[in-house]
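Reviewing the structure listed below.
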Amino acid sequence: MKLWGGRFTKPTNELVDEYTASITFDKKLARYDIQGSLAHVNMLAKCNIISQEDAQQIADGLLKVQNQIDHDESLLTVENEDIHMNIERLLIEEVGPVGGKLHTGRSRNDQIALDMRLYAREAILDITNLLLEVQKALHKQAKQNMDTVLPGYTHLQRAQPILFAHHLLAYVSMFQRDLERLMDSFKRVNKSPLGAGALAGTTFPINREFVAEQLQFDGICENSLDAVSDRDFVLELLSNASVIVMHLSRLSEELVLWSSAEFSFVELDDAFSTGSSMMPQKKNPDVAELVRGKTGRVFGNLMGLLTTLKGLPLAYNKDMQEDKEGMFDTVDTIKGALALFAPMIETMVVKKENMYQAVRKDFSNATDLADYLVGKKLAFREAHSVVGQIVLYCIEQNKYLLDLTLKEFHKFSELVEEDIFEKLAPEAVVNARNVQGGPARNRVQEQYDQSKTLFEESEAWIQIHADKIKGQW
Ligand code: ARG
């Protein structure tokens, strides 16, 4: 008989069992469920709702059940629908009828909300940690490329020269925002819903704060209806993950472009590339492509849950069981991608000479020539037009600005002098843009140094929170 079978006169249709069961995926929550039950049963004893002895038997039994599940997942059955009832059933088999006291003052509704929060907060910590590793890998590459000049692009057209370190540090900034969003979301996840019951609490004199403290929550969900029907913390996680994977996808796109023969700016390490089954010469950036491709499922999981929740009346509805697979999938997808990205970035070979040649064979110093003329008191609009004509001349002559002689410059403007050649050199062009956050070597160094402080802050945050929540398990 079902744990809830008392008021039923017929067994459930088998198809219904299969259709409504969540055990095939919520088994992933087993250890959180047991963690929550241990805290709950402790509280029941402390509040004299059940005896100390009963509580002890139940707690011992729960640990045994954990062990059984760890060794044999087939103990979990569709018949018992979900992870909560499967564990309760195994507990009763293990310790006898006393196991039936565990669920006093609790519902599966507050129980699942709790499990989801315990899972989500660990996921946040794991992802934060992995993000930091990616930042550090980018930072390391930046250090090795403080003097590597390459074209900066707009519209994927060569625009103005920059340092490769500057480009890499842009991603450090992007991932920093991702980290901060995750850290901020932690405080909304880290609240205990337990004690909300099915929706309206319980008649037993429970102590919600005590449960929350044992599980290292920062507090309790204030409203019992909200406690069981809120999945905003899952949405936040899925949305934060979506921005992260979008960032990873942009970087992936660059890696795919850069490693093409047409760009040939980087070479990914063999360990992070794959071959073709037919074309022996091929070395493909599959990891980057796949991360770019996986944005689809991560965005999809967010849209899926938003849609699921959209029309739901308060409080719990079975629809909410759909919150799990998308969350697990997103967390696994993001963790997998981040874990690969750190070493892939760290081991990639930067073809500095090719980057430099791309700047040399390019008009990305044209703005600098115009600025030079402005320095000689020509109005910018006029300077822009003069340089336009010079560029046109160069294209016809198959030359670049630095290939021109002073005499050729003078055909367009007498203002140009000998010093133009050093002014238009790629390094000079980069260093002339000495604004805060800009490409000049010393400005890039500034961002590089500041990043170190940010990493230390993130590390400290992770340490504090990891000690707190991992310590209990
Ligand atoms: N398996 C359910 C879920 O994942 C647990 C809560 C079910 N509650 C209920 N009253 N049916 O959402």
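By convention in this document, the chains of the structure tokens carry letters A, B, ... by their order, each chain's residues are numbered from 1, and ligands are numbered from 1 in the order they are shown.
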> Can I get the residues close to ligand 1 as a ChimeraX atom specification, where close means within 10 Å and we count only C-alpha atoms and all ligand atoms?
Replying inline: /A:20-23,25-26,81-85,107-113,115-116,198-199,228-229,316-324
Would you mind exporting the chosen residues as a tab-separated table (two decimals), in the first residue's frame, restricted to N, CA, C and O atoms?
```tsv
chain	number	residue	atom	x	y	z
A	20	THR	N	3.54	10.16	-12.69
A	20	THR	CA	3.65	11.14	-11.60
A	20	THR	C	4.92	10.98	-10.78
A	20	THR	O	5.29	11.87	-10.02
A	21	ALA	N	5.58	9.83	-10.93
A	21	ALA	CA	6.76	9.59	-10.10
A	21	ALA	C	7.91	10.53	-10.48
A	21	ALA	O	8.07	10.89	-11.65
A	22	SER	N	8.66	10.91	-9.49
A	22	SER	CA	9.83	11.76	-9.77
A	22	SER	C	11.13	11.07	-9.34
A	22	SER	O	12.21	11.63	-9.47
A	23	ILE	N	11.00	9.84	-8.84
A	23	ILE	CA	12.17	9.19	-8.26
A	23	ILE	C	13.33	9.02	-9.25
A	23	ILE	O	14.50	9.08	-8.86
A	25	PHE	N	14.56	11.00	-11.21
A	25	PHE	CA	15.49	12.13	-11.19
A	25	PHE	C	15.71	12.73	-9.79
A	25	PHE	O	16.78	13.19	-9.47
A	26	ASP	N	14.66	12.69	-8.91
A	26	ASP	CA	14.90	13.35	-7.62
A	26	ASP	C	15.74	12.50	-6.67
A	26	ASP	O	16.08	12.93	-5.56
A	81	GLU	N	7.02	6.54	-5.63
A	81	GLU	CA	6.88	7.87	-6.23
A	81	GLU	C	8.08	8.79	-6.20
A	81	GLU	O	8.62	9.15	-7.22
A	82	ASP	N	8.46	9.24	-5.01
A	82	ASP	CA	9.54	10.23	-4.99
A	82	ASP	C	10.58	9.90	-3.92
A	82	ASP	O	10.44	8.93	-3.18
A	83	ILE	N	11.59	10.72	-3.84
A	83	ILE	CA	12.71	10.44	-2.93
A	83	ILE	C	12.26	10.47	-1.47
A	83	ILE	O	12.71	9.67	-0.65
A	84	HIS	N	11.29	11.34	-1.17
A	84	HIS	CA	10.84	11.47	0.23
A	84	HIS	C	10.17	10.19	0.70
A	84	HIS	O	10.46	9.66	1.77
A	85	MET	N	9.24	9.69	-0.13
A	85	MET	CA	8.50	8.50	0.30
A	85	MET	C	9.35	7.25	0.20
A	85	MET	O	9.18	6.31	0.97
A	107	SER	N	5.51	18.11	5.78
A	107	SER	CA	4.85	17.69	4.55
A	107	SER	C	5.93	17.51	3.50
A	107	SER	O	7.03	18.05	3.62
A	108	ARG	N	5.59	16.76	2.45
A	108	ARG	CA	6.56	16.68	1.36
A	108	ARG	C	6.74	18.05	0.69
A	108	ARG	O	7.73	18.28	0.02
A	109	ASN	N	5.76	18.92	0.90
A	109	ASN	CA	5.86	20.23	0.24
A	109	ASN	C	6.97	21.10	0.84
A	109	ASN	O	7.74	21.72	0.10
A	110	ASP	N	7.03	21.12	2.16
A	110	ASP	CA	8.16	21.90	2.73
A	110	ASP	C	9.46	21.09	2.63
A	110	ASP	O	10.55	21.66	2.51
A	111	GLN	N	9.31	19.78	2.58
A	111	GLN	CA	10.50	18.93	2.48
A	111	GLN	C	11.20	19.11	1.12
A	111	GLN	O	12.43	19.26	1.08
A	112	ILE	N	10.43	19.14	0.05
A	112	ILE	CA	11.08	19.28	-1.27
A	112	ILE	C	11.65	20.70	-1.43
A	112	ILE	O	12.73	20.88	-2.00
A	113	ALA	N	10.95	21.68	-0.87
A	113	ALA	CA	11.47	23.05	-0.95
A	113	ALA	C	12.82	23.11	-0.24
A	113	ALA	O	13.77	23.76	-0.70
A	115	ASP	N	14.96	20.49	0.25
A	115	ASP	CA	15.96	19.75	-0.52
A	115	ASP	C	16.50	20.59	-1.68
A	115	ASP	O	17.70	20.60	-1.96
A	116	MET	N	15.58	21.27	-2.34
A	116	MET	CA	15.97	22.10	-3.49
A	116	MET	C	16.93	23.22	-3.05
A	116	MET	O	17.88	23.55	-3.73
A	198	ALA	N	2.36	21.58	4.71
A	198	ALA	CA	1.82	21.48	3.35
A	198	ALA	C	1.66	22.89	2.78
A	198	ALA	O	1.92	23.14	1.61
A	199	LEU	N	1.22	23.79	3.62
A	199	LEU	CA	1.10	25.22	3.27
A	199	LEU	C	0.84	26.08	4.49
A	199	LEU	O	1.10	27.27	4.49
A	228	VAL	N	6.52	27.18	0.59
A	228	VAL	CA	6.33	25.94	-0.19
A	228	VAL	C	6.11	26.19	-1.68
A	228	VAL	O	6.23	25.28	-2.49
A	229	SER	N	5.78	27.41	-2.04
A	229	SER	CA	5.48	27.64	-3.47
A	229	SER	C	6.54	28.47	-4.17
A	229	SER	O	6.48	28.67	-5.37
A	316	TYR	N	1.54	25.05	-3.05
A	316	TYR	CA	2.20	24.02	-3.85
A	316	TYR	C	1.25	23.45	-4.91
A	316	TYR	O	0.07	23.26	-4.67
A	317	ASN	N	1.77	23.18	-6.08
A	317	ASN	CA	1.06	22.46	-7.14
A	317	ASN	C	2.03	21.43	-7.70
A	317	ASN	O	3.24	21.68	-7.76
A	318	LYS	N	1.48	20.31	-8.16
A	318	LYS	CA	2.34	19.23	-8.64
A	318	LYS	C	3.19	19.68	-9.83
A	318	LYS	O	4.27	19.13	-10.08
A	319	ASP	N	2.71	20.70	-10.54
A	319	ASP	CA	3.50	21.25	-11.66
A	319	ASP	C	4.94	21.51	-11.23
A	319	ASP	O	5.88	21.43	-12.02
A	320	MET	N	5.07	21.87	-9.95
A	320	MET	CA	6.38	22.31	-9.47
A	320	MET	C	7.42	21.18	-9.44
A	320	MET	O	8.62	21.45	-9.32
A	321	GLN	N	6.94	19.97	-9.56
A	321	GLN	CA	7.87	18.84	-9.65
A	321	GLN	C	8.77	19.00	-10.89
A	321	GLN	O	9.84	18.41	-10.97
A	322	GLU	N	8.30	19.78	-11.85
A	322	GLU	CA	9.06	20.03	-13.08
A	322	GLU	C	10.26	20.96	-12.85
A	322	GLU	O	10.95	21.33	-13.79
A	323	ASP	N	10.46	21.37	-11.61
A	323	ASP	CA	11.58	22.30	-11.33
A	323	ASP	C	12.94	21.61	-11.31
A	323	ASP	O	13.97	22.26	-11.38
A	324	LYS	N	12.92	20.27	-11.22
A	324	LYS	CA	14.17	19.59	-10.89
A	324	LYS	C	15.09	19.28	-12.06
A	324	LYS	O	16.28	19.62	-12.04
```
> Got a sec: who's within 10 Å of range 101-106 of chain A, counting only C-alpha atoms, leaving out chain neighbours fewer than 2 positions off, as a ChimeraX atom specification?
Replying inline: /A:37-38,40-42,44,49-50,54-55,58-59,62,84-85,88,91-92,97-99,108-111,194-198,201-206
Near range 124-141 of chain A, 6 Å: range 321-404 of chain A residue rows, closest pairs, only C-alpha atoms, as JSON lines:
```
{"residue": "A:Leu338", "atom": "CA", "partner": "A:Leu130", "partner_atom": "CA", "distance": 5.9}
{"residue": "A:Ala342", "atom": "CA", "partner": "A:Val134", "partner_atom": "CA", "distance": 4.3}
{"residue": "A:Glu346", "atom": "CA", "partner": "A:Ala137", "partner_atom": "CA", "distance": 5.1}
```
Produce a file of the selected residues containing all heavy atoms, as a short mmCIF file (atom, residue, chain, number, x, y, z; two decimals), in the first residue's frame.
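Produced file out-v4.cif, reproduced below:
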```
data_model
loop_
_atom_site.label_atom_id
_atom_site.label_comp_id
_atom_site.auth_asym_id
_atom_site.auth_seq_id
_atom_site.Cartn_x
_atom_site.Cartn_y
_atom_site.Cartn_z
N LEU A 338 32.62 24.96 -17.23
CA LEU A 338 33.62 25.76 -16.50
C LEU A 338 34.86 24.93 -16.18
O LEU A 338 36.00 25.42 -16.28
CB LEU A 338 33.02 26.33 -15.22
CG LEU A 338 31.96 27.42 -15.40
CD1 LEU A 338 31.26 27.72 -14.08
CD2 LEU A 338 32.56 28.70 -15.97
N ALA A 342 38.82 26.36 -17.77
CA ALA A 342 40.03 26.83 -17.07
C ALA A 342 41.29 26.22 -17.69
O ALA A 342 42.17 26.96 -18.14
CB ALA A 342 39.91 26.56 -15.58
N GLU A 346 44.19 28.03 -20.11
CA GLU A 346 45.55 28.07 -19.58
C GLU A 346 46.56 27.44 -20.53
O GLU A 346 47.70 27.91 -20.64
CB GLU A 346 45.56 27.34 -18.23
CG GLU A 346 46.54 27.97 -17.28
CD GLU A 346 46.52 27.31 -15.93
OE1 GLU A 346 45.42 27.16 -15.35
OE2 GLU A 346 47.60 26.94 -15.45
#
```
> Do you know which residues are at most 9 Å from range 181-192 of chain A counting only C-alpha atoms, after dropping those on the same chain fewer than 2 positions away, and could you put them as a PyMOL selection string?
Replying inline: chain A and resi 113-114+117-118+120-121+124-125+127-128+176-179+194-195+208-209+211-213+215-221+227+232-234+236-237+240-241+458+461-462
Prev. selection, N, CA and C atoms, output as an mmCIF file, in the first residue's frame:
```cif
data_model
loop_
_atom_site.group_PDB
_atom_site.id
_atom_site.type_symbol
_atom_site.label_atom_id
_atom_site.label_comp_id
_atom_site.auth_asym_id
_atom_site.auth_seq_id
_atom_site.Cartn_x
_atom_site.Cartn_y
_atom_site.Cartn_z
ATOM 1 N N ALA A 113 10.950 21.676 -0.868
ATOM 2 C CA ALA A 113 11.466 23.051 -0.951
ATOM 3 C C ALA A 113 12.824 23.110 -0.241
ATOM 4 N N LEU A 114 12.908 22.388 0.870
ATOM 5 C CA LEU A 114 14.166 22.345 1.613
ATOM 6 C C LEU A 114 15.265 21.660 0.802
ATOM 7 N N ARG A 117 16.650 23.788 -1.895
ATOM 8 C CA ARG A 117 17.510 24.875 -1.397
ATOM 9 C C ARG A 117 18.883 24.346 -0.985
ATOM 10 N N LEU A 118 18.879 23.175 -0.355
ATOM 11 C CA LEU A 118 20.173 22.607 0.041
ATOM 12 C C LEU A 118 21.012 22.295 -1.191
ATOM 13 N N ALA A 120 20.659 23.749 -4.207
ATOM 14 C CA ALA A 120 20.983 24.995 -4.936
ATOM 15 C C ALA A 120 22.145 25.735 -4.275
ATOM 16 N N ARG A 121 22.168 25.748 -2.950
ATOM 17 C CA ARG A 121 23.241 26.530 -2.328
ATOM 18 C C ARG A 121 24.608 25.866 -2.529
ATOM 19 N N ILE A 124 25.621 26.711 -6.048
ATOM 20 C CA ILE A 124 26.127 28.092 -6.154
ATOM 21 C C ILE A 124 27.602 28.131 -5.750
ATOM 22 N N LEU A 125 27.911 27.445 -4.670
ATOM 23 C CA LEU A 125 29.308 27.433 -4.216
ATOM 24 C C LEU A 125 30.224 26.759 -5.229
ATOM 25 N N ILE A 127 29.773 26.406 -8.439
ATOM 26 C CA ILE A 127 29.892 27.197 -9.669
ATOM 27 C C ILE A 127 30.782 28.418 -9.423
ATOM 28 N N THR A 128 30.614 29.030 -8.259
ATOM 29 C CA THR A 128 31.438 30.197 -7.921
ATOM 30 C C THR A 128 32.921 29.810 -7.939
ATOM 31 N N GLN A 176 33.387 38.279 -13.347
ATOM 32 C CA GLN A 176 33.286 38.889 -12.027
ATOM 33 C C GLN A 176 31.823 39.257 -11.723
ATOM 34 N N ARG A 177 31.154 39.817 -12.723
ATOM 35 C CA ARG A 177 29.730 40.143 -12.514
ATOM 36 C C ARG A 177 28.942 38.862 -12.245
ATOM 37 N N ASP A 178 29.279 37.796 -12.969
ATOM 38 C CA ASP A 178 28.574 36.522 -12.759
ATOM 39 C C ASP A 178 28.759 36.020 -11.330
ATOM 40 N N LEU A 179 29.997 36.139 -10.879
ATOM 41 C CA LEU A 179 30.316 35.722 -9.510
ATOM 42 C C LEU A 179 29.526 36.529 -8.489
ATOM 43 N N LEU A 194 11.423 24.712 6.077
ATOM 44 C CA LEU A 194 10.858 23.625 6.875
ATOM 45 C C LEU A 194 10.009 24.176 8.022
ATOM 46 N N GLY A 195 8.867 23.526 8.232
ATOM 47 C CA GLY A 195 7.924 24.003 9.238
ATOM 48 C C GLY A 195 6.730 24.660 8.575
ATOM 49 N N ARG A 208 11.149 26.156 14.279
ATOM 50 C CA ARG A 208 11.682 26.317 12.914
ATOM 51 C C ARG A 208 13.121 26.842 12.942
ATOM 52 N N GLU A 209 13.367 27.759 13.871
ATOM 53 C CA GLU A 209 14.706 28.367 13.949
ATOM 54 C C GLU A 209 15.761 27.299 14.239
ATOM 55 N N VAL A 211 15.734 24.139 13.468
ATOM 56 C CA VAL A 211 16.009 23.367 12.239
ATOM 57 C C VAL A 211 16.928 24.177 11.328
ATOM 58 N N ALA A 212 16.595 25.454 11.176
ATOM 59 C CA ALA A 212 17.375 26.331 10.291
ATOM 60 C C ALA A 212 18.829 26.412 10.748
ATOM 61 N N GLU A 213 19.011 26.561 12.064
ATOM 62 C CA GLU A 213 20.385 26.662 12.594
ATOM 63 C C GLU A 213 21.183 25.396 12.327
ATOM 64 N N LEU A 215 20.920 23.365 10.005
ATOM 65 C CA LEU A 215 21.255 23.213 8.581
ATOM 66 C C LEU A 215 22.057 24.410 8.065
ATOM 67 N N GLN A 216 22.514 25.235 8.950
ATOM 68 C CA GLN A 216 23.337 26.421 8.622
ATOM 69 C C GLN A 216 22.619 27.394 7.689
ATOM 70 N N PHE A 217 21.312 27.478 7.838
ATOM 71 C CA PHE A 217 20.602 28.515 7.082
ATOM 72 C C PHE A 217 20.764 29.834 7.824
ATOM 73 N N ASP A 218 20.618 30.935 7.052
ATOM 74 C CA ASP A 218 20.741 32.245 7.700
ATOM 75 C C ASP A 218 19.429 32.695 8.338
ATOM 76 N N GLY A 219 18.360 31.945 8.094
ATOM 77 C CA GLY A 219 17.070 32.307 8.682
ATOM 78 C C GLY A 219 15.993 31.409 8.100
ATOM 79 N N ILE A 220 14.735 31.773 8.340
ATOM 80 C CA ILE A 220 13.633 30.944 7.832
ATOM 81 C C ILE A 220 12.803 31.749 6.838
ATOM 82 N N CYS A 221 12.109 31.046 5.959
ATOM 83 C CA CYS A 221 11.185 31.716 5.034
ATOM 84 C C CYS A 221 10.022 32.248 5.880
ATOM 85 N N ALA A 227 6.809 29.864 1.400
ATOM 86 C CA ALA A 227 7.896 28.894 1.635
ATOM 87 C C ALA A 227 7.752 27.658 0.747
ATOM 88 N N ASP A 232 11.683 30.931 -6.793
ATOM 89 C CA ASP A 232 12.470 32.042 -7.355
ATOM 90 C C ASP A 232 13.964 31.756 -7.248
ATOM 91 N N PHE A 233 14.341 31.077 -6.186
ATOM 92 C CA PHE A 233 15.780 30.814 -6.021
ATOM 93 C C PHE A 233 16.296 29.879 -7.118
ATOM 94 N N VAL A 234 15.413 29.016 -7.616
ATOM 95 C CA VAL A 234 15.827 28.161 -8.745
ATOM 96 C C VAL A 234 15.917 29.020 -10.010
ATOM 97 N N GLU A 236 16.547 32.134 -10.187
ATOM 98 C CA GLU A 236 17.754 32.979 -10.102
ATOM 99 C C GLU A 236 18.992 32.188 -10.512
ATOM 100 N N LEU A 237 19.029 30.957 -10.034
ATOM 101 C CA LEU A 237 20.182 30.117 -10.379
ATOM 102 C C LEU A 237 20.218 29.860 -11.888
ATOM 103 N N ASN A 240 21.153 33.140 -13.632
ATOM 104 C CA ASN A 240 22.588 33.417 -13.484
ATOM 105 C C ASN A 240 23.410 32.467 -14.353
ATOM 106 N N ALA A 241 22.971 31.221 -14.394
ATOM 107 C CA ALA A 241 23.679 30.243 -15.230
ATOM 108 C C ALA A 241 23.555 30.618 -16.707
ATOM 109 N N SER A 458 36.732 37.003 -3.489
ATOM 110 C CA SER A 458 35.869 35.851 -3.840
ATOM 111 C C SER A 458 36.313 34.617 -3.075
ATOM 112 N N TRP A 461 35.106 34.724 0.422
ATOM 113 C CA TRP A 461 33.650 34.466 0.474
ATOM 114 C C TRP A 461 33.379 32.968 0.340
ATOM 115 N N ILE A 462 34.036 32.352 -0.619
ATOM 116 C CA ILE A 462 33.814 30.919 -0.852
ATOM 117 C C ILE A 462 34.212 30.121 0.386
#
```
> Which neighbours of Ser264 in chain A fall inside 8 Å, counting only C-alpha atoms, when residues of the same chain fewer than 4 positions from it are skipped, and could you give them as number ranges by chain?
Replying inline: A: 258-260, 351, 354
>> With DSSP run on the backbone, what are the helix (DSSP H, G or I) residues within range 295-472 of chain A? I'd like them as JSON, numbers by chain.
In response: {"A": [295, 296, 297, 298, 299, 300, 301, 302, 303, 304, 305, 306, 307, 308, 309, 310, 318, 319, 320, 321, 322, 323, 324, 325, 326, 327, 328, 329, 330, 331, 332, 333, 334, 335, 336, 337, 338, 339, 340, 341, 342, 343, 344, 345, 346, 347, 352, 353, 354, 355, 356, 357, 358, 359, 360, 366, 367, 368, 369, 370, 371, 372, 373, 374, 375, 380, 381, 382, 383, 384, 385, 386, 387, 388, 389, 390, 391, 392, 393, 394, 395, 396, 397, 401, 402, 403, 406, 407, 408, 409, 410, 420, 421, 422, 423, 426, 427, 428, 429, 430, 431, 432, 441, 442, 443, 444, 445, 446, 447, 448, 449, 450, 451, 452, 453, 454, 455, 456, 457, 458, 459, 460, 461, 462, 463, 464, 465, 466, 467, 468, 469, 470]}
>> Here is a test: counting only C-alpha atoms, which residue of A:Arg231, A:Lys377, A:Lys452, A:His247 is nearest to Ile334 in chain A?
In response: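 Between A:Arg231, A:Lys377, A:Lys452, A:His247, the residue approaching Ile334 in chain A most closely is A:His247.
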> So how far away is CA of Gln397 in chain A from CA of Glu418 in chain A, in Å?
Replying inline: 21.0 Å
